[in-house]
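Asker: Here it is, the structure, as structure tokens.
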Amino acid sequence: MTDLTQDAFEIAGVRYNSRLLVGTGKYKDLEETRQAIEASGAEIVTVAIRRTNIGQNPGEPNLLDVIPPDRYTILPNTAGCYTAEDAVRTCKLARELLDGHKLVKLEVLADQKTLFPNVVETLKAAEVLVKDGFDVMVYTSDDPIIARELAAMGCVAVMPLAGLIGSGMGICNPWNLRIILEEATVPVLVDAGVGTASDATVAMELGCAAVLMNTAIAHAKQPVLMAEAMKHAIIAGRAAYLAGRMPRKLYASASSPLDGTFF
């Protein structure tokens, strides 16, 4: 029987037990941020460098005071960047602020209305960052060809959206995700679109290595409770994937065999 406590996944040579990655934005204050992230059981926490103080603004509240780097892997992200140049600059700033930290989440957005990824600029930025020694986890569309190119380029994880950022629409196109997963040579993580625990479970049942989310927890009526729900949803989905679901059938079949019974 599979021991889920030994079912770790690996990013850039580091093994993690939790397959839930969480963001730090949109909470009412830093204390709620701390409580929710702790309840989620996440080990990787992503931080928007352009929007969050992690030391670049002395005298202001520092997120790292409640999300200490000795407890969590800090994943700087380039949220708010609309060009490859801005994204690369932001990753370099993060590396300076975090003492040479190489693991980053790249996202280059197309517009403010949809926050859909600009794949052309994403490819440009990814190429520069990989050559510069960064370990790049990359937010992208659910296009299997683009996902393949990013993996071949040297990105350590590909992160297709399930739905638009903050939409809570769930997995809108599971078929493309299946193709990405079938061809994957690096971990595939669903990033964006998750709205509730069942969405996270479905992503894991499809075979995703992990799920990254922020709004689904931060905008819940009770964020800390939702964070705990997401922790269990990820575990349940992973266990179901490893167990293998029963085949779908058009008609019913008896739960107990009838052969050899007396009437």
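In the structure tokens, each chain is lettered A, B, ... as it comes, each chain's residues begin at 1, and ligands are numbered from 1 in order of appearance.
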Env of Ala243 of chain A: 10 Å cut, atoms = only C-alpha atoms, seq-sep filter 3 positions within chain, self excluded. Answer as a list in words.

Answerer: Met1, Thr2, Glu205, Gly237, Arg238, Ala239, Ala240 and Met246 of chain A

Asker: Just list the residues in segment 136-252 of chain A DSSP gives strand (DSSP E or B) on the backbone, as a list in words.

Answerer: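 In segment 136-252 of chain A, DSSP puts these residues in strand (DSSP E or B): Val136, Met137, Val138, Tyr139, Thr140, Ala157, Val158, Met159, Pro160, Val188, Leu189, Val190, Asp191, Ala210, Val211, Leu212 and Met213 of chain A.
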
Asker: Write out as a ChimeraX atom specification all residues of segment 174-230 of chain A that backbone DSSP assigns to helix (DSSP H, G or I).

Answerer: /A:174-183,197-206,215-218,223-230

Asker: Show which residues sit within 12 Å of Thr122 of chain A, as number ranges by chain. Count only C-alpha atoms, and ignore same-chain residues fewer than 5 positions away.

Answerer: A: 78, 81-88, 105-110, 116-117, 127-130, 136-141, 146-147, 149-150, 153, 155, 158

Asker: Any chance you could export the current selection's N, CA and C atoms as a JSON list (two decimals), in the first residue's frame?

Answerer:
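Written file, again00.json:
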```
[["chain", "number", "residue", "atom", "x", "y", "z"],
["A", 78, "THR", "N", 6.47, 37.12, -10.37],
["A", 78, "THR", "CA", 6.53, 38.37, -11.13],
["A", 78, "THR", "C", 5.14, 38.90, -11.47],
["A", 81, "CYS", "N", 3.79, 41.98, -13.93],
["A", 81, "CYS", "CA", 4.70, 42.26, -15.05],
["A", 81, "CYS", "C", 4.00, 41.96, -16.38],
["A", 82, "TYR", "N", 4.20, 42.86, -17.35],
["A", 82, "TYR", "CA", 3.55, 42.72, -18.66],
["A", 82, "TYR", "C", 4.56, 42.61, -19.80],
["A", 83, "THR", "N", 5.84, 42.63, -19.47],
["A", 83, "THR", "CA", 6.87, 42.43, -20.48],
["A", 83, "THR", "C", 7.93, 41.49, -19.92],
["A", 84, "ALA", "N", 8.65, 40.85, -20.84],
["A", 84, "ALA", "CA", 9.74, 39.97, -20.43],
["A", 84, "ALA", "C", 10.79, 40.75, -19.66],
["A", 85, "GLU", "N", 11.08, 41.96, -20.11],
["A", 85, "GLU", "CA", 12.10, 42.79, -19.46],
["A", 85, "GLU", "C", 11.75, 43.07, -18.00],
["A", 86, "ASP", "N", 10.50, 43.44, -17.74],
["A", 86, "ASP", "CA", 10.09, 43.70, -16.35],
["A", 86, "ASP", "C", 10.16, 42.44, -15.50],
["A", 87, "ALA", "N", 9.76, 41.31, -16.06],
["A", 87, "ALA", "CA", 9.79, 40.06, -15.32],
["A", 87, "ALA", "C", 11.21, 39.66, -14.95],
["A", 88, "VAL", "N", 12.12, 39.78, -15.88],
["A", 88, "VAL", "CA", 13.53, 39.44, -15.62],
["A", 88, "VAL", "C", 14.09, 40.37, -14.54],
["A", 105, "LYS", "N", 8.87, 32.11, -9.59],
["A", 105, "LYS", "CA", 7.68, 31.81, -10.39],
["A", 105, "LYS", "C", 7.54, 32.93, -11.42],
["A", 106, "LEU", "N", 7.68, 32.57, -12.67],
["A", 106, "LEU", "CA", 7.59, 33.54, -13.76],
["A", 106, "LEU", "C", 6.15, 33.64, -14.24],
["A", 107, "GLU", "N", 5.64, 34.85, -14.28],
["A", 107, "GLU", "CA", 4.38, 35.11, -14.97],
["A", 107, "GLU", "C", 4.46, 36.46, -15.67],
["A", 108, "VAL", "N", 4.16, 36.44, -16.94],
["A", 108, "VAL", "CA", 4.10, 37.67, -17.73],
["A", 108, "VAL", "C", 2.68, 37.77, -18.28],
["A", 109, "LEU", "N", 1.97, 38.81, -17.87],
["A", 109, "LEU", "CA", 0.55, 38.92, -18.16],
["A", 109, "LEU", "C", 0.29, 39.67, -19.45],
["A", 110, "ALA", "N", -0.86, 39.35, -20.07],
["A", 110, "ALA", "CA", -1.21, 39.98, -21.34],
["A", 110, "ALA", "C", -2.00, 41.27, -21.14],
["A", 116, "PHE", "N", -4.52, 36.90, -18.35],
["A", 116, "PHE", "CA", -4.10, 35.74, -19.13],
["A", 116, "PHE", "C", -2.62, 35.88, -19.43],
["A", 117, "PRO", "N", -1.88, 34.79, -19.49],
["A", 117, "PRO", "CA", -0.45, 34.90, -19.77],
["A", 117, "PRO", "C", -0.16, 35.34, -21.20],
["A", 127, "GLU", "N", 13.65, 32.06, -21.27],
["A", 127, "GLU", "CA", 14.94, 31.76, -21.89],
["A", 127, "GLU", "C", 16.06, 32.54, -21.20],
["A", 128, "VAL", "N", 15.82, 33.83, -20.93],
["A", 128, "VAL", "CA", 16.83, 34.66, -20.27],
["A", 128, "VAL", "C", 17.10, 34.17, -18.85],
["A", 129, "LEU", "N", 16.04, 33.88, -18.11],
["A", 129, "LEU", "CA", 16.19, 33.49, -16.71],
["A", 129, "LEU", "C", 16.88, 32.14, -16.56],
["A", 130, "VAL", "N", 16.53, 31.19, -17.40],
["A", 130, "VAL", "CA", 17.17, 29.87, -17.33],
["A", 130, "VAL", "C", 18.67, 30.00, -17.61],
["A", 136, "VAL", "N", 13.21, 28.10, -12.80],
["A", 136, "VAL", "CA", 12.00, 28.81, -13.21],
["A", 136, "VAL", "C", 10.78, 27.89, -13.19],
["A", 137, "MET", "N", 9.82, 28.23, -12.34],
["A", 137, "MET", "CA", 8.48, 27.65, -12.39],
["A", 137, "MET", "C", 7.63, 28.66, -13.17],
["A", 138, "VAL", "N", 6.92, 28.21, -14.19],
["A", 138, "VAL", "CA", 6.36, 29.18, -15.13],
["A", 138, "VAL", "C", 4.85, 29.04, -15.29],
["A", 139, "TYR", "N", 4.16, 30.15, -15.05],
["A", 139, "TYR", "CA", 2.72, 30.27, -15.30],
["A", 139, "TYR", "C", 2.49, 30.43, -16.79],
["A", 140, "THR", "N", 1.59, 29.63, -17.34],
["A", 140, "THR", "CA", 1.38, 29.66, -18.78],
["A", 140, "THR", "C", -0.06, 29.30, -19.11],
["A", 141, "SER", "N", -0.37, 29.35, -20.39],
["A", 141, "SER", "CA", -1.68, 28.92, -20.86],
["A", 141, "SER", "C", -1.76, 27.39, -20.81],
["A", 146, "ILE", "N", 3.03, 24.97, -25.99],
["A", 146, "ILE", "CA", 3.79, 25.95, -25.21],
["A", 146, "ILE", "C", 4.37, 25.30, -23.96],
["A", 147, "ALA", "N", 3.59, 24.46, -23.31],
["A", 147, "ALA", "CA", 4.07, 23.76, -22.13],
["A", 147, "ALA", "C", 5.30, 22.91, -22.47],
["A", 149, "GLU", "N", 7.42, 23.41, -24.93],
["A", 149, "GLU", "CA", 8.55, 24.29, -25.23],
["A", 149, "GLU", "C", 9.20, 24.81, -23.95],
["A", 150, "LEU", "N", 8.39, 25.19, -22.98],
["A", 150, "LEU", "CA", 8.93, 25.71, -21.72],
["A", 150, "LEU", "C", 9.72, 24.65, -20.96],
["A", 153, "MET", "N", 12.99, 24.10, -22.67],
["A", 153, "MET", "CA", 13.87, 25.24, -22.47],
["A", 153, "MET", "C", 14.66, 25.14, -21.17],
["A", 155, "CYS", "N", 12.79, 25.02, -17.89],
["A", 155, "CYS", "CA", 11.98, 25.39, -16.72],
["A", 155, "CYS", "C", 11.80, 24.16, -15.82],
["A", 158, "VAL", "N", 6.08, 23.43, -15.01],
["A", 158, "VAL", "CA", 5.15, 24.13, -15.88],
["A", 158, "VAL", "C", 3.82, 24.26, -15.14]]
```

Asker: Mind checking which residues fall within 7 Å of segment 18-26 of chain A, counting only C-alpha atoms, ignoring those fewer than 4 positions away in the same chain, and posting them as a list in words?

Answerer: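 In the requested form, the answer reads Thr33, Gly41, Ala42, Glu43, Ile44, Val45, Thr46, Val47, Ala209, Ala210, Val211, Leu212, Met213, Asn214, Thr215, Ala218, Lys231 and Ile234 of chain A.
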
Asker: Keeping only N, CA, C and O atoms, write those residues as an mmCIF file, in the first residue's frame.

Answerer:
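And here's out_9.cif as it stands now:
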```cif
data_model
loop_
_atom_site.group_PDB
_atom_site.id
_atom_site.type_symbol
_atom_site.label_atom_id
_atom_site.label_comp_id
_atom_site.auth_asym_id
_atom_site.auth_seq_id
_atom_site.Cartn_x
_atom_site.Cartn_y
_atom_site.Cartn_z
ATOM 1 N N THR A 33 -2.937 36.174 7.173
ATOM 2 C CA THR A 33 -2.038 35.511 6.227
ATOM 3 C C THR A 33 -1.293 34.386 6.928
ATOM 4 O O THR A 33 -1.226 33.251 6.424
ATOM 5 N N GLY A 41 -0.832 23.883 5.558
ATOM 6 C CA GLY A 41 0.232 22.881 5.544
ATOM 7 C C GLY A 41 1.232 23.076 4.423
ATOM 8 O O GLY A 41 2.111 22.243 4.209
ATOM 9 N N ALA A 42 1.115 24.183 3.684
ATOM 10 C CA ALA A 42 2.008 24.434 2.546
ATOM 11 C C ALA A 42 3.443 24.631 3.014
ATOM 12 O O ALA A 42 3.694 25.156 4.108
ATOM 13 N N GLU A 43 4.371 24.214 2.164
ATOM 14 C CA GLU A 43 5.787 24.419 2.426
ATOM 15 C C GLU A 43 6.392 25.449 1.477
ATOM 16 O O GLU A 43 7.440 26.018 1.757
ATOM 17 N N ILE A 44 5.737 25.662 0.335
ATOM 18 C CA ILE A 44 6.173 26.666 -0.631
ATOM 19 C C ILE A 44 5.143 27.793 -0.643
ATOM 20 O O ILE A 44 3.943 27.549 -0.839
ATOM 21 N N VAL A 45 5.608 29.008 -0.432
ATOM 22 C CA VAL A 45 4.722 30.169 -0.354
ATOM 23 C C VAL A 45 5.191 31.192 -1.381
ATOM 24 O O VAL A 45 6.355 31.616 -1.369
ATOM 25 N N THR A 46 4.288 31.589 -2.271
ATOM 26 C CA THR A 46 4.684 32.519 -3.329
ATOM 27 C C THR A 46 4.371 33.960 -2.948
ATOM 28 O O THR A 46 3.359 34.248 -2.302
ATOM 29 N N VAL A 47 5.262 34.860 -3.345
ATOM 30 C CA VAL A 47 5.202 36.265 -2.937
ATOM 31 C C VAL A 47 5.363 37.153 -4.169
ATOM 32 O O VAL A 47 6.308 36.976 -4.948
ATOM 33 N N ALA A 209 1.073 17.391 -10.293
ATOM 34 C CA ALA A 209 2.014 17.199 -9.195
ATOM 35 C C ALA A 209 1.605 17.994 -7.963
ATOM 36 O O ALA A 209 1.863 17.572 -6.830
ATOM 37 N N ALA A 210 0.967 19.142 -8.191
ATOM 38 C CA ALA A 210 0.580 20.017 -7.091
ATOM 39 C C ALA A 210 -0.371 21.075 -7.623
ATOM 40 O O ALA A 210 -0.634 21.150 -8.821
ATOM 41 N N VAL A 211 -0.866 21.911 -6.714
ATOM 42 C CA VAL A 211 -1.763 23.008 -7.066
ATOM 43 C C VAL A 211 -1.309 24.266 -6.334
ATOM 44 O O VAL A 211 -0.979 24.207 -5.146
ATOM 45 N N LEU A 212 -1.280 25.394 -7.054
ATOM 46 C CA LEU A 212 -0.992 26.671 -6.430
ATOM 47 C C LEU A 212 -2.264 27.508 -6.422
ATOM 48 O O LEU A 212 -2.973 27.580 -7.428
ATOM 49 N N MET A 213 -2.545 28.132 -5.291
ATOM 50 C CA MET A 213 -3.758 28.961 -5.181
ATOM 51 C C MET A 213 -3.541 30.103 -4.205
ATOM 52 O O MET A 213 -2.682 30.039 -3.320
ATOM 53 N N ASN A 214 -4.355 31.138 -4.358
ATOM 54 C CA ASN A 214 -4.358 32.264 -3.441
ATOM 55 C C ASN A 214 -5.784 32.734 -3.157
ATOM 56 O O ASN A 214 -6.294 32.620 -2.049
ATOM 57 N N THR A 215 -6.467 33.229 -4.199
ATOM 58 C CA THR A 215 -7.780 33.838 -4.009
ATOM 59 C C THR A 215 -8.790 32.869 -3.410
ATOM 60 O O THR A 215 -9.625 33.277 -2.594
ATOM 61 N N ALA A 218 -7.941 33.153 0.278
ATOM 62 C CA ALA A 218 -7.988 34.501 0.850
ATOM 63 C C ALA A 218 -9.365 35.144 0.768
ATOM 64 O O ALA A 218 -9.738 35.947 1.632
ATOM 65 N N LYS A 231 -5.989 21.762 2.156
ATOM 66 C CA LYS A 231 -4.958 20.786 2.526
ATOM 67 C C LYS A 231 -5.490 19.363 2.388
ATOM 68 O O LYS A 231 -4.845 18.493 1.781
ATOM 69 N N ILE A 234 -6.239 18.314 -1.385
ATOM 70 C CA ILE A 234 -5.041 17.923 -2.133
ATOM 71 C C ILE A 234 -4.640 16.498 -1.765
ATOM 72 O O ILE A 234 -4.323 15.672 -2.641
#
```

Asker: Skip segment 186-200 of chain A itself and residues of its chain fewer than 2 positions away, then list as a count of residues only all residues within 9 Å of it, counting only C-alpha atoms.

Answerer: 52

Asker: Measuring between only C-alpha atoms, which one of A:Ala48, A:Ile37, A:Ala94, A:Ala126 shows the shortest distance to Tyr72 of chain A?

Answerer: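 Between A:Ala48, A:Ile37, A:Ala94, A:Ala126, the residue approaching Tyr72 of chain A most closely is A:Ile37.
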
Asker: Determine, counting only C-alpha atoms, which protein, DNA and RNA residues have an atom within 12 Å of an atom of Gly55 of chain A; residues of the same chain fewer than 6 positions away are not included. Present the result as a list in words.

Answerer: Ile49, Pro61, Asn62, Leu63, Leu64, Asp65, Leu93, Ala94, Glu96, Leu97, Leu98 and Asp99 of chain A

Asker: Have a look at atom CA of Asn77 of chain A and atom CA of Asp7 of chain A and let me know their distance in Å, one decimal.

Answerer: 26.2 Å
